[in-house]
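These notes concern the structure reproduced below.
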Amino acid sequence: MSHKEVVVEVKNLKVVFGKGKNKFIAIDDVSFDIFKGETFGLVGESGSGKTTIGRAIMRINEVTEGQILYHGKKLNGKISKEWDREITQKIQMIFQDPMASLNERAKVDYIISEGLINTKNFKNEADRQQKVRNALLNVGLLPEFSSRFPHEFSGGQRQRIGIARALVMEPEFIIADEPISALDVSIRAQVLNLLANLQQQNDLTYLFIAHDLSVVRFITDRTAVIYKGKIVELAETEKLFANPLHPYTRALLSAVPEPNPYKERDKVVEIYDPSQHNYDIQPPSFIEIEEGHFVLANEEELERYRTSLKMEVSK
Amino acid sequence: MTQTQSPILTIQNLVIKFTLRGRVLTAIRNISLDLYKGENLAIVGESGSGKSVLMKSIMGLLDKNGYIDQGQILYNTQDLAQFRTEREWLSIRGKEVAMVTQDPMTSLNPLKTIGKQIEECVHLHQDLKGKVAYEETLKLLKDVGIHDVEKRYKQYPHEFSGGMRQRIVIAIALACKPKILICDEPTTALDVTIQAQILQLLKNLQQKYGLTTVYITHDLGVVAKVADRIAVMYAGDVIEIGKTHEIFFNGKHPYTWALISSLPQLGSKGEQLYSIKGTPPNLFQEIKGDAFAPRNQYALKIDFVERPPFFQVSDTHYARTWLLDPLAPKVEPPEALQAFFAEGRRYAHES
Ligand SMILES: Nc1ncnc2c1ncn2[C@@H]1O[C@H](COP(=O)(O)OP(=O)(O)OP(=O)(O)O)[C@@H](O)[C@H]1O
Ligand SMILES: Nc1ncnc2c1ncn2[C@@H]1O[C@H](COP(=O)(O)OP(=O)(O)OP(=O)(O)O)[C@@H](O)[C@H]1O
Ligand SMILES: [Mg+2]
Ligand SMILES: [Mg+2]
């Protein structure tokens, strides 16, 4: 574990929107590392700040405080031209809202090639066309689609254009923000297999943001759970699903719908009540409770979590 | 189930086409479908199979290059397929049928606060004004799980997260108090806890007002939770329809089998997930026989020649596959699925 190479380091990240009375702290002192070749999952409430973190790494959202390092080098703030060009190619994001992120007036052929053209990442016209063709086929779209405009597609087809556009750049690190939410389960499986193959072949690293926890469980190595701009728990994915400690994580996992109408009908979902913590009296900190398993808790809670971990092992 | 079996809306032999720079694409190929009053119908199926187009057509929301080529959409003695003017559609849209579209951002006005956008519908369709309309708007925002509603009322769409925007669109649809609510991927951008809350809200409304809902979703967990019936679509056609448990645990069409087999719950970590080989058909070309045949390992010769009729499996369950023809060889579903089916049947016995 300790020998793993760190690709992305997020250190005490804070992102604030607005000013004065409208000031809103979207990300509050968030720190985590992403290792080379892993798939790091980020899950949590809607509006908790997942996209904001992704966009901060992409340098779309300004970092208010803290640092983001890529291979040990600073991403935010003033950086050199060469470094800027390098990370523009190496870090790609698949955006959550495909419609809003695709240029409405451009044909798919251009949308997919745009990054290639900007970074001059192709040999000749034939090579460019071949790359676009492969990118489309890889995500289950027909090469003929390249002459169409975004609004002439179904939701899932558009989402796949966004994926193709990111993959064609041959990046090292991909931020995938709900990349497969609009895909049917079979195409979803195809895209997940593709991401896994690329990862094996090229040692790609992913930050994978998703609400579908069955997918997160299947594809990620480690998962962080975020609630209102703070990470409340982080662990190896299997560990997290087996022994969720933080009450928000527990609530989240209890709500995952299963593909079984009989089970779903009388399922009881745990509700998370943030007022259960006594943080006014004893503020929490982010503690490694067992190897690689972090949780946001105060002393009293840690004690309880430790006991519950012991109980788990003895079963 | 409270549903009476009287249809509130009937689609008959519907064909929808798009013209694209001189060529014609057939998106809906002769679909007939009854929507029953008070039911929850889920439409699942391949990406690009026509789910959104089918539902947009009953609201007059097809893109400009799309048109109904044949067929009828019967609602309250009217044939919506004959509607030509915006004015005609305005008598249906919102009040009778409301839709939560797939791309929330495109259905919100970026220049208006979300509070105003919801309140407009409250005013227009519930005939409320002033303070009452404002209060109703705040209530709707709370219902869809938005906090700090007074402050949020005054914010613009770009100040919301993806999932919040989706919930605003749901609030707008609910503000119209429709009889039929169509939700196109209503909860994809929502975490499971908010998702559960929204689905519960829709269920309550359904029980209270006899609302009829159509869910288009790829999330079979959501389908399991909310749907009474499921229609499975492939390449512009409904290829199987039945009660939820009938589709999940006794599906008959090989496409339905393939769909369920692709669930991550049926895969094992570190291994490839099952996915359907090949690509969906080119909709510019005429499709002969069963559109799924070229990708179907169980295809019969006739599948390449003649469109299968709906074979009846039960009173409520129909599937368009030649495998159900009495003369067809007997084919068992794939092994991985049989375990899934068996588990489902076990639950069925218990409950
Ligand atoms: N440009 C902005 N101006 C003001 N507030 C913003 C802006 N962008 C995001 N926010 C706020 O920051 C918070 C986090 O938003 P973010 O989009 O990161 O959430 P998310 O975790 O991705 O949610 P979802 O799962 O719904 O996509 C939200 O409360 C949102 O309203
Ligand atoms: N404006 C348009 N012009 C041309 N073709 C279109 C247009 N809109 C949709 N289509 C095509 O019609 C078919 C059906 O699209 P539809 O949006 O109904 O699919 P869907 O089943 O909703 O898919 P998804 O699950 O990906 O949202 C697709 O193949 C799509 O490419
Ligand atoms: Mg987001
Ligand atoms: Mg759609």
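Ligands are numbered from 1 in the order shown, residues from 1 within each chain, and chains are lettered A, B, ... in the order they appear in the structure tokens.
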>> Can you pull out every residue from stretch 36-230 of chain A that DSSP, working from the backbone, puts in strand (DSSP E), and format the result as a PyMOL selection string?
In response: chain A and resi 39-44+65-70+73-74+91-94+173-177+205-209+222-227+230
> Where in stretch 168-337 of chain B does DSSP assign helix (DSSP H, G or I), given as a ChimeraX atom specification?
Replying inline: /B:168-175,192-209,220-226,244-250,254-261,264-266,293-295,301-304,322-324,335-337
>> For A:Ile231, find every residue with an atom within 8 Å (counting only C-alpha atoms), except residues of its own chain fewer than 4 positions away, and show them as a VMD selection string.
In response: chain A and resid 30 224 to 227 296
Residues near B:Asn204, cut-off 12 Å, only C-alpha atoms, skip fewer than 5 positions along chain, as a PDB file with all heavy atoms, in the first residue's frame:
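Writing the result to part-v8.pdb gives the following:
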```pdb
ATOM      1  N   GLY B  38     -53.566   5.128 -13.438  1.00  0.00           N
ATOM      2  CA  GLY B  38     -53.047   4.907 -12.096  1.00  0.00           C
ATOM      3  C   GLY B  38     -51.863   3.960 -12.007  1.00  0.00           C
ATOM      4  O   GLY B  38     -51.377   3.679 -10.922  1.00  0.00           O
ATOM      5  N   ASP B 143     -40.421  19.433  -0.956  1.00  0.00           N
ATOM      6  CA  ASP B 143     -40.830  18.073  -1.329  1.00  0.00           C
ATOM      7  C   ASP B 143     -39.746  17.346  -2.117  1.00  0.00           C
ATOM      8  O   ASP B 143     -39.583  16.143  -1.984  1.00  0.00           O
ATOM      9  CB  ASP B 143     -42.102  18.115  -2.189  1.00  0.00           C
ATOM     10  CG  ASP B 143     -43.346  18.264  -1.335  1.00  0.00           C
ATOM     11  OD1 ASP B 143     -43.232  18.129  -0.102  1.00  0.00           O
ATOM     12  OD2 ASP B 143     -44.425  18.516  -1.900  1.00  0.00           O
ATOM     13  N   GLN B 197     -36.193   9.217  -1.668  1.00  0.00           N
ATOM     14  CA  GLN B 197     -37.148  10.234  -1.227  1.00  0.00           C
ATOM     15  C   GLN B 197     -38.053  10.689  -2.383  1.00  0.00           C
ATOM     16  O   GLN B 197     -39.272  10.791  -2.225  1.00  0.00           O
ATOM     17  CB  GLN B 197     -36.344  11.415  -0.670  1.00  0.00           C
ATOM     18  CG  GLN B 197     -37.181  12.551  -0.144  1.00  0.00           C
ATOM     19  CD  GLN B 197     -36.295  13.738   0.253  1.00  0.00           C
ATOM     20  OE1 GLN B 197     -35.105  13.602   0.518  1.00  0.00           O
ATOM     21  NE2 GLN B 197     -36.888  14.907   0.287  1.00  0.00           N
ATOM     22  N   ILE B 198     -37.448  10.923  -3.546  1.00  0.00           N
ATOM     23  CA  ILE B 198     -38.232  11.380  -4.707  1.00  0.00           C
ATOM     24  C   ILE B 198     -39.191  10.289  -5.170  1.00  0.00           C
ATOM     25  O   ILE B 198     -40.354  10.540  -5.464  1.00  0.00           O
ATOM     26  CB  ILE B 198     -37.293  11.746  -5.876  1.00  0.00           C
ATOM     27  CG1 ILE B 198     -36.365  12.883  -5.471  1.00  0.00           C
ATOM     28  CG2 ILE B 198     -38.085  12.059  -7.139  1.00  0.00           C
ATOM     29  CD1 ILE B 198     -36.834  14.249  -5.819  1.00  0.00           C
ATOM     30  N   LEU B 199     -38.700   9.059  -5.207  1.00  0.00           N
ATOM     31  CA  LEU B 199     -39.554   7.975  -5.670  1.00  0.00           C
ATOM     32  C   LEU B 199     -40.735   7.784  -4.710  1.00  0.00           C
ATOM     33  O   LEU B 199     -41.857   7.519  -5.132  1.00  0.00           O
ATOM     34  CB  LEU B 199     -38.749   6.681  -5.820  1.00  0.00           C
ATOM     35  CG  LEU B 199     -37.644   6.730  -6.880  1.00  0.00           C
ATOM     36  CD1 LEU B 199     -36.860   5.433  -6.912  1.00  0.00           C
ATOM     37  CD2 LEU B 199     -38.212   7.038  -8.268  1.00  0.00           C
ATOM     38  N   TYR B 209     -53.607  11.080  -5.809  1.00  0.00           N
ATOM     39  CA  TYR B 209     -54.336  11.676  -6.927  1.00  0.00           C
ATOM     40  C   TYR B 209     -54.574  10.704  -8.071  1.00  0.00           C
ATOM     41  O   TYR B 209     -55.048  11.101  -9.131  1.00  0.00           O
ATOM     42  CB  TYR B 209     -53.558  12.875  -7.484  1.00  0.00           C
ATOM     43  CG  TYR B 209     -53.317  13.963  -6.478  1.00  0.00           C
ATOM     44  CD1 TYR B 209     -52.045  14.181  -5.966  1.00  0.00           C
ATOM     45  CD2 TYR B 209     -54.367  14.769  -6.040  1.00  0.00           C
ATOM     46  CE1 TYR B 209     -51.820  15.181  -5.029  1.00  0.00           C
ATOM     47  CE2 TYR B 209     -54.141  15.768  -5.107  1.00  0.00           C
ATOM     48  CZ  TYR B 209     -52.869  15.970  -4.611  1.00  0.00           C
ATOM     49  OH  TYR B 209     -52.650  16.942  -3.696  1.00  0.00           O
ATOM     50  N   GLY B 210     -54.211   9.444  -7.889  1.00  0.00           N
ATOM     51  CA  GLY B 210     -54.377   8.488  -8.977  1.00  0.00           C
ATOM     52  C   GLY B 210     -53.527   8.821 -10.188  1.00  0.00           C
ATOM     53  O   GLY B 210     -53.867   8.499 -11.325  1.00  0.00           O
ATOM     54  N   LEU B 211     -52.408   9.484  -9.929  1.00  0.00           N
ATOM     55  CA  LEU B 211     -51.488   9.864 -10.999  1.00  0.00           C
ATOM     56  C   LEU B 211     -50.995   8.624 -11.760  1.00  0.00           C
ATOM     57  O   LEU B 211     -50.726   7.596 -11.163  1.00  0.00           O
ATOM     58  CB  LEU B 211     -50.301  10.572 -10.347  1.00  0.00           C
ATOM     59  CG  LEU B 211     -49.204  11.159 -11.202  1.00  0.00           C
ATOM     60  CD1 LEU B 211     -49.723  12.377 -11.935  1.00  0.00           C
ATOM     61  CD2 LEU B 211     -48.025  11.559 -10.312  1.00  0.00           C
ATOM     62  N   THR B 212     -50.915   8.745 -13.071  1.00  0.00           N
ATOM     63  CA  THR B 212     -50.325   7.682 -13.882  1.00  0.00           C
ATOM     64  C   THR B 212     -48.886   8.088 -14.191  1.00  0.00           C
ATOM     65  O   THR B 212     -48.658   9.207 -14.629  1.00  0.00           O
ATOM     66  CB  THR B 212     -51.112   7.533 -15.204  1.00  0.00           C
ATOM     67  OG1 THR B 212     -52.488   7.360 -14.888  1.00  0.00           O
ATOM     68  CG2 THR B 212     -50.603   6.356 -16.009  1.00  0.00           C
ATOM     69  N   THR B 213     -47.936   7.201 -13.932  1.00  0.00           N
ATOM     70  CA  THR B 213     -46.541   7.595 -14.187  1.00  0.00           C
ATOM     71  C   THR B 213     -45.855   6.644 -15.146  1.00  0.00           C
ATOM     72  O   THR B 213     -46.068   5.432 -15.102  1.00  0.00           O
ATOM     73  CB  THR B 213     -45.693   7.633 -12.899  1.00  0.00           C
ATOM     74  OG1 THR B 213     -46.313   6.840 -11.916  1.00  0.00           O
ATOM     75  CG2 THR B 213     -45.502   9.026 -12.389  1.00  0.00           C
ATOM     76  N   VAL B 226     -40.244   0.833  -8.262  1.00  0.00           N
ATOM     77  CA  VAL B 226     -41.438   1.622  -8.548  1.00  0.00           C
ATOM     78  C   VAL B 226     -42.434   1.025  -9.541  1.00  0.00           C
ATOM     79  O   VAL B 226     -43.605   1.392  -9.530  1.00  0.00           O
ATOM     80  CB  VAL B 226     -41.066   3.031  -9.085  1.00  0.00           C
ATOM     81  CG1 VAL B 226     -40.252   3.789  -8.063  1.00  0.00           C
ATOM     82  CG2 VAL B 226     -40.324   2.931 -10.407  1.00  0.00           C
TER      83      VAL B 226
END
```
When the cut-off is 9 Å and you count only C-alpha atoms and all ligand atoms, which residues lie near ligand 3, shown as a PDB file with all heavy atoms, in the first residue's frame?
```pdb
ATOM      1  N   SER A  46     -26.286  14.364  -3.421  1.00  0.00           N
ATOM      2  CA  SER A  46     -26.393  15.343  -4.502  1.00  0.00           C
ATOM      3  C   SER A  46     -26.133  16.728  -3.917  1.00  0.00           C
ATOM      4  O   SER A  46     -26.691  17.095  -2.896  1.00  0.00           O
ATOM      5  CB  SER A  46     -27.803  15.262  -5.087  1.00  0.00           C
ATOM      6  OG  SER A  46     -28.072  16.401  -5.840  1.00  0.00           O
ATOM      7  N   GLY A  47     -25.233  17.471  -4.554  1.00  0.00           N
ATOM      8  CA  GLY A  47     -24.909  18.813  -4.059  1.00  0.00           C
ATOM      9  C   GLY A  47     -23.810  18.829  -3.017  1.00  0.00           C
ATOM     10  O   GLY A  47     -23.521  19.862  -2.422  1.00  0.00           O
ATOM     11  N   SER A  48     -23.158  17.680  -2.797  1.00  0.00           N
ATOM     12  CA  SER A  48     -22.150  17.615  -1.740  1.00  0.00           C
ATOM     13  C   SER A  48     -20.787  18.125  -2.202  1.00  0.00           C
ATOM     14  O   SER A  48     -19.891  18.320  -1.394  1.00  0.00           O
ATOM     15  CB  SER A  48     -22.010  16.175  -1.241  1.00  0.00           C
ATOM     16  OG  SER A  48     -21.698  15.326  -2.317  1.00  0.00           O
ATOM     17  N   GLY A  49     -20.591  18.301  -3.511  1.00  0.00           N
ATOM     18  CA  GLY A  49     -19.329  18.881  -3.976  1.00  0.00           C
ATOM     19  C   GLY A  49     -18.468  17.983  -4.851  1.00  0.00           C
ATOM     20  O   GLY A  49     -17.319  18.313  -5.134  1.00  0.00           O
ATOM     21  N   LYS A  50     -19.009  16.881  -5.334  1.00  0.00           N
ATOM     22  CA  LYS A  50     -18.217  15.945  -6.136  1.00  0.00           C
ATOM     23  C   LYS A  50     -17.742  16.588  -7.442  1.00  0.00           C
ATOM     24  O   LYS A  50     -16.556  16.559  -7.769  1.00  0.00           O
ATOM     25  CB  LYS A  50     -19.050  14.688  -6.451  1.00  0.00           C
ATOM     26  CG  LYS A  50     -19.536  13.976  -5.207  1.00  0.00           C
ATOM     27  CD  LYS A  50     -20.396  12.778  -5.530  1.00  0.00           C
ATOM     28  CE  LYS A  50     -21.676  13.105  -6.254  1.00  0.00           C
ATOM     29  NZ  LYS A  50     -22.650  13.905  -5.487  1.00  0.00           N
ATOM     30  N   THR A  51     -18.694  17.163  -8.169  1.00  0.00           N
ATOM     31  CA  THR A  51     -18.335  17.806  -9.436  1.00  0.00           C
ATOM     32  C   THR A  51     -17.372  18.963  -9.185  1.00  0.00           C
ATOM     33  O   THR A  51     -16.418  19.161  -9.951  1.00  0.00           O
ATOM     34  CB  THR A  51     -19.608  18.307 -10.149  1.00  0.00           C
ATOM     35  OG1 THR A  51     -20.461  17.184 -10.382  1.00  0.00           O
ATOM     36  CG2 THR A  51     -19.286  18.979 -11.473  1.00  0.00           C
ATOM     37  N   THR A  52     -17.600  19.689  -8.118  1.00  0.00           N
ATOM     38  CA  THR A  52     -16.727  20.821  -7.797  1.00  0.00           C
ATOM     39  C   THR A  52     -15.281  20.360  -7.615  1.00  0.00           C
ATOM     40  O   THR A  52     -14.346  21.017  -8.095  1.00  0.00           O
ATOM     41  CB  THR A  52     -17.248  21.529  -6.527  1.00  0.00           C
ATOM     42  OG1 THR A  52     -18.605  21.920  -6.746  1.00  0.00           O
ATOM     43  CG2 THR A  52     -16.419  22.762  -6.206  1.00  0.00           C
ATOM     44  N   GLY A  54     -13.933  17.676  -9.007  1.00  0.00           N
ATOM     45  CA  GLY A  54     -13.470  17.330 -10.354  1.00  0.00           C
ATOM     46  C   GLY A  54     -13.105  18.567 -11.149  1.00  0.00           C
ATOM     47  O   GLY A  54     -12.052  18.624 -11.795  1.00  0.00           O
ATOM     48  N   PHE A  95     -17.826  14.863 -18.621  1.00  0.00           N
ATOM     49  CA  PHE A  95     -18.693  15.753 -17.859  1.00  0.00           C
ATOM     50  C   PHE A  95     -20.055  15.147 -17.561  1.00  0.00           C
ATOM     51  O   PHE A  95     -20.584  14.350 -18.339  1.00  0.00           O
ATOM     52  CB  PHE A  95     -18.860  17.085 -18.597  1.00  0.00           C
ATOM     53  CG  PHE A  95     -17.594  17.894 -18.621  1.00  0.00           C
ATOM     54  CD1 PHE A  95     -16.709  17.796 -19.676  1.00  0.00           C
ATOM     55  CD2 PHE A  95     -17.278  18.723 -17.553  1.00  0.00           C
ATOM     56  CE1 PHE A  95     -15.528  18.522 -19.697  1.00  0.00           C
ATOM     57  CE2 PHE A  95     -16.104  19.458 -17.559  1.00  0.00           C
ATOM     58  CZ  PHE A  95     -15.222  19.356 -18.626  1.00  0.00           C
ATOM     59  N   GLN A  96     -20.616  15.589 -16.433  1.00  0.00           N
ATOM     60  CA  GLN A  96     -21.871  15.030 -15.937  1.00  0.00           C
ATOM     61  C   GLN A  96     -23.049  15.334 -16.861  1.00  0.00           C
ATOM     62  O   GLN A  96     -23.893  14.490 -17.082  1.00  0.00           O
ATOM     63  CB  GLN A  96     -22.143  15.613 -14.544  1.00  0.00           C
ATOM     64  CG  GLN A  96     -23.415  15.115 -13.888  1.00  0.00           C
ATOM     65  CD  GLN A  96     -23.537  15.591 -12.452  1.00  0.00           C
ATOM     66  OE1 GLN A  96     -22.836  16.483 -12.011  1.00  0.00           O
ATOM     67  NE2 GLN A  96     -24.434  14.983 -11.710  1.00  0.00           N
ATOM     68  N   ASP A  97     -23.094  16.542 -17.396  1.00  0.00           N
ATOM     69  CA  ASP A  97     -24.254  16.951 -18.180  1.00  0.00           C
ATOM     70  C   ASP A  97     -23.851  16.991 -19.647  1.00  0.00           C
ATOM     71  O   ASP A  97     -23.343  17.998 -20.126  1.00  0.00           O
ATOM     72  CB  ASP A  97     -24.693  18.340 -17.685  1.00  0.00           C
ATOM     73  CG  ASP A  97     -26.079  18.693 -18.195  1.00  0.00           C
ATOM     74  OD1 ASP A  97     -26.493  18.130 -19.222  1.00  0.00           O
ATOM     75  OD2 ASP A  97     -26.732  19.533 -17.563  1.00  0.00           O
ATOM     76  N   ASP A 177     -17.280  11.943 -14.403  1.00  0.00           N
ATOM     77  CA  ASP A 177     -18.364  12.444 -13.552  1.00  0.00           C
ATOM     78  C   ASP A 177     -19.679  11.859 -14.046  1.00  0.00           C
ATOM     79  O   ASP A 177     -20.229  12.301 -15.048  1.00  0.00           O
ATOM     80  CB  ASP A 177     -18.379  13.982 -13.620  1.00  0.00           C
ATOM     81  CG  ASP A 177     -19.274  14.607 -12.546  1.00  0.00           C
ATOM     82  OD1 ASP A 177     -19.891  13.843 -11.781  1.00  0.00           O
ATOM     83  OD2 ASP A 177     -19.338  15.849 -12.483  1.00  0.00           O
ATOM     84  N   GLU A 178     -20.170  10.870 -13.361  1.00  0.00           N
ATOM     85  CA  GLU A 178     -21.406  10.188 -13.778  1.00  0.00           C
ATOM     86  C   GLU A 178     -21.321   9.789 -15.250  1.00  0.00           C
ATOM     87  O   GLU A 178     -22.211  10.119 -16.030  1.00  0.00           O
ATOM     88  CB  GLU A 178     -22.611  11.113 -13.587  1.00  0.00           C
ATOM     89  CG  GLU A 178     -22.907  11.481 -12.170  1.00  0.00           C
ATOM     90  CD  GLU A 178     -23.567  10.352 -11.393  1.00  0.00           C
ATOM     91  OE1 GLU A 178     -23.869   9.293 -11.989  1.00  0.00           O
ATOM     92  OE2 GLU A 178     -23.747  10.513 -10.188  1.00  0.00           O
ATOM     93  N   ILE A 209     -16.847   9.349 -10.355  1.00  0.00           N
ATOM     94  CA  ILE A 209     -17.942   9.916  -9.566  1.00  0.00           C
ATOM     95  C   ILE A 209     -19.235   9.260 -10.032  1.00  0.00           C
ATOM     96  O   ILE A 209     -19.534   9.266 -11.221  1.00  0.00           O
ATOM     97  CB  ILE A 209     -18.041  11.441  -9.784  1.00  0.00           C
ATOM     98  CG1 ILE A 209     -16.729  12.121  -9.397  1.00  0.00           C
ATOM     99  CG2 ILE A 209     -19.223  12.023  -9.009  1.00  0.00           C
ATOM    100  CD1 ILE A 209     -16.656  13.600  -9.771  1.00  0.00           C
ATOM    101  N   ALA A 210     -19.983   8.676  -9.122  1.00  0.00           N
ATOM    102  CA  ALA A 210     -21.220   8.033  -9.551  1.00  0.00           C
ATOM    103  C   ALA A 210     -22.179   7.869  -8.390  1.00  0.00           C
ATOM    104  O   ALA A 210     -21.777   7.799  -7.226  1.00  0.00           O
ATOM    105  CB  ALA A 210     -20.932   6.678 -10.172  1.00  0.00           C
TER     106      ALA A 210
ATOM    107  N   SER B 161     -26.325  22.092  -8.311  1.00  0.00           N
ATOM    108  CA  SER B 161     -25.596  20.906  -8.767  1.00  0.00           C
ATOM    109  C   SER B 161     -26.478  20.135  -9.755  1.00  0.00           C
ATOM    110  O   SER B 161     -27.676  20.408  -9.881  1.00  0.00           O
ATOM    111  CB  SER B 161     -25.241  20.018  -7.586  1.00  0.00           C
ATOM    112  OG  SER B 161     -26.370  19.285  -7.176  1.00  0.00           O
ATOM    113  N   GLY B 162     -25.887  19.168 -10.452  1.00  0.00           N
ATOM    114  CA  GLY B 162     -26.622  18.382 -11.442  1.00  0.00           C
ATOM    115  C   GLY B 162     -27.893  17.763 -10.875  1.00  0.00           C
ATOM    116  O   GLY B 162     -28.968  17.847 -11.466  1.00  0.00           O
ATOM    117  N   GLY B 163     -27.775  17.158  -9.729  1.00  0.00           N
ATOM    118  CA  GLY B 163     -28.917  16.485  -9.126  1.00  0.00           C
ATOM    119  C   GLY B 163     -29.974  17.457  -8.633  1.00  0.00           C
ATOM    120  O   GLY B 163     -31.171  17.165  -8.649  1.00  0.00           O
ATOM    121  N   ALA B 189     -29.135  11.527 -11.690  1.00  0.00           N
ATOM    122  CA  ALA B 189     -28.125  12.405 -11.101  1.00  0.00           C
ATOM    123  C   ALA B 189     -28.300  12.520  -9.594  1.00  0.00           C
ATOM    124  O   ALA B 189     -27.742  13.406  -8.973  1.00  0.00           O
ATOM    125  CB  ALA B 189     -28.182  13.786 -11.752  1.00  0.00           C
ATOM    126  N   LEU B 190     -29.088  11.622  -9.021  1.00  0.00           N
ATOM    127  CA  LEU B 190     -29.375  11.738  -7.592  1.00  0.00           C
ATOM    128  C   LEU B 190     -28.722  10.625  -6.798  1.00  0.00           C
ATOM    129  O   LEU B 190     -28.686   9.483  -7.239  1.00  0.00           O
ATOM    130  CB  LEU B 190     -30.887  11.678  -7.373  1.00  0.00           C
ATOM    131  CG  LEU B 190     -31.703  12.721  -8.122  1.00  0.00           C
ATOM    132  CD1 LEU B 190     -33.163  12.590  -7.761  1.00  0.00           C
ATOM    133  CD2 LEU B 190     -31.195  14.116  -7.797  1.00  0.00           C
TER     134      LEU B 190
END
```
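Near stretch 159-162 of chain A, within 6 Å and counting only C-alpha atoms, sit Ile94, Pro98, Gly156 and Arg165 of chain A; same-chain residues fewer than 3 positions away were not included.
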>> Any residue with an atom at most 7 Å from ligand 2 counts, using only C-alpha atoms and all ligand atoms. Which are they? Put them as a ChimeraX atom specification.
In response: /A:151-157,182-184 /B:18-20,25,27,45-54,63,65-66,236,283
Preceding selection exported with N, CA and C atoms as a compact mmCIF listing (two decimals), in the first residue's frame:
```txt
# COMPACT_ATOMS: atom_id res chain seq x y z
N HIS A 151 -27.72 17.42 -30.88
CA HIS A 151 -29.14 17.31 -30.54
C HIS A 151 -29.83 16.22 -31.36
N GLU A 152 -29.15 15.64 -32.30
CA GLU A 152 -29.77 14.58 -33.11
C GLU A 152 -29.51 13.19 -32.52
N PHE A 153 -29.15 13.17 -31.27
CA PHE A 153 -28.86 11.89 -30.62
C PHE A 153 -29.75 11.66 -29.41
N SER A 154 -29.80 10.43 -28.96
CA SER A 154 -30.49 10.13 -27.71
C SER A 154 -29.56 10.51 -26.56
N GLY A 155 -30.13 10.57 -25.36
CA GLY A 155 -29.35 10.98 -24.19
C GLY A 155 -28.11 10.12 -23.99
N GLY A 156 -28.27 8.82 -24.09
CA GLY A 156 -27.15 7.91 -23.86
C GLY A 156 -26.11 7.99 -24.97
N GLN A 157 -26.59 8.25 -26.18
CA GLN A 157 -25.64 8.40 -27.30
C GLN A 157 -24.79 9.65 -27.09
N ALA A 182 -26.57 7.58 -18.18
CA ALA A 182 -27.65 7.56 -19.18
C ALA A 182 -27.55 6.34 -20.10
N LEU A 183 -26.75 5.36 -19.72
CA LEU A 183 -26.56 4.21 -20.61
C LEU A 183 -27.33 2.99 -20.13
N ASP A 184 -27.80 2.22 -21.09
CA ASP A 184 -28.46 0.97 -20.69
C ASP A 184 -27.40 0.02 -20.14
N PHE B 18 -37.53 10.59 -38.59
CA PHE B 18 -36.78 11.84 -38.60
C PHE B 18 -36.16 12.02 -39.98
N THR B 19 -36.17 13.25 -40.49
CA THR B 19 -35.41 13.49 -41.72
C THR B 19 -34.10 14.16 -41.32
N LEU B 20 -33.02 13.63 -41.88
CA LEU B 20 -31.69 14.15 -41.58
C LEU B 20 -30.97 14.40 -42.88
N LEU B 25 -34.79 8.48 -41.12
CA LEU B 25 -34.47 7.53 -40.06
C LEU B 25 -35.77 7.15 -39.36
N ALA B 27 -37.42 5.97 -36.14
CA ALA B 27 -37.08 5.83 -34.72
C ALA B 27 -38.08 4.95 -33.98
N GLY B 45 -34.63 -0.32 -21.85
CA GLY B 45 -34.12 -0.80 -23.13
C GLY B 45 -32.90 -0.05 -23.56
N GLU B 46 -32.42 -0.51 -24.70
CA GLU B 46 -31.21 -0.02 -25.29
C GLU B 46 -31.16 1.51 -25.39
N SER B 47 -29.98 2.04 -25.23
CA SER B 47 -29.78 3.46 -25.50
C SER B 47 -29.99 3.70 -26.99
N GLY B 48 -30.85 4.66 -27.33
CA GLY B 48 -31.13 4.93 -28.74
C GLY B 48 -32.29 4.13 -29.30
N SER B 49 -33.01 3.40 -28.43
CA SER B 49 -34.08 2.53 -28.94
C SER B 49 -35.40 3.28 -29.13
N GLY B 50 -35.47 4.54 -28.70
CA GLY B 50 -36.68 5.30 -28.97
C GLY B 50 -37.54 5.61 -27.75
N LYS B 51 -37.04 5.36 -26.57
CA LYS B 51 -37.82 5.59 -25.36
C LYS B 51 -38.22 7.05 -25.22
N SER B 52 -37.23 7.93 -25.34
CA SER B 52 -37.53 9.36 -25.18
C SER B 52 -38.40 9.87 -26.33
N VAL B 53 -38.10 9.44 -27.54
CA VAL B 53 -38.87 9.89 -28.70
C VAL B 53 -40.34 9.47 -28.55
N LEU B 54 -40.57 8.24 -28.13
CA LEU B 54 -41.94 7.74 -27.96
C LEU B 54 -42.70 8.63 -26.97
N ASP B 63 -38.49 16.77 -31.89
CA ASP B 63 -37.63 17.77 -32.55
C ASP B 63 -38.26 18.15 -33.90
N ASN B 65 -37.26 18.12 -36.88
CA ASN B 65 -37.06 17.21 -38.02
C ASN B 65 -37.75 15.86 -37.82
N GLY B 66 -38.53 15.73 -36.74
CA GLY B 66 -39.22 14.46 -36.48
C GLY B 66 -40.71 14.59 -36.75
N GLY B 236 -36.55 0.77 -31.65
CA GLY B 236 -37.81 1.38 -32.05
C GLY B 236 -39.04 0.52 -31.87
N LEU B 283 -30.67 2.72 -38.13
CA LEU B 283 -32.10 3.02 -38.26
C LEU B 283 -32.45 3.66 -39.60
```
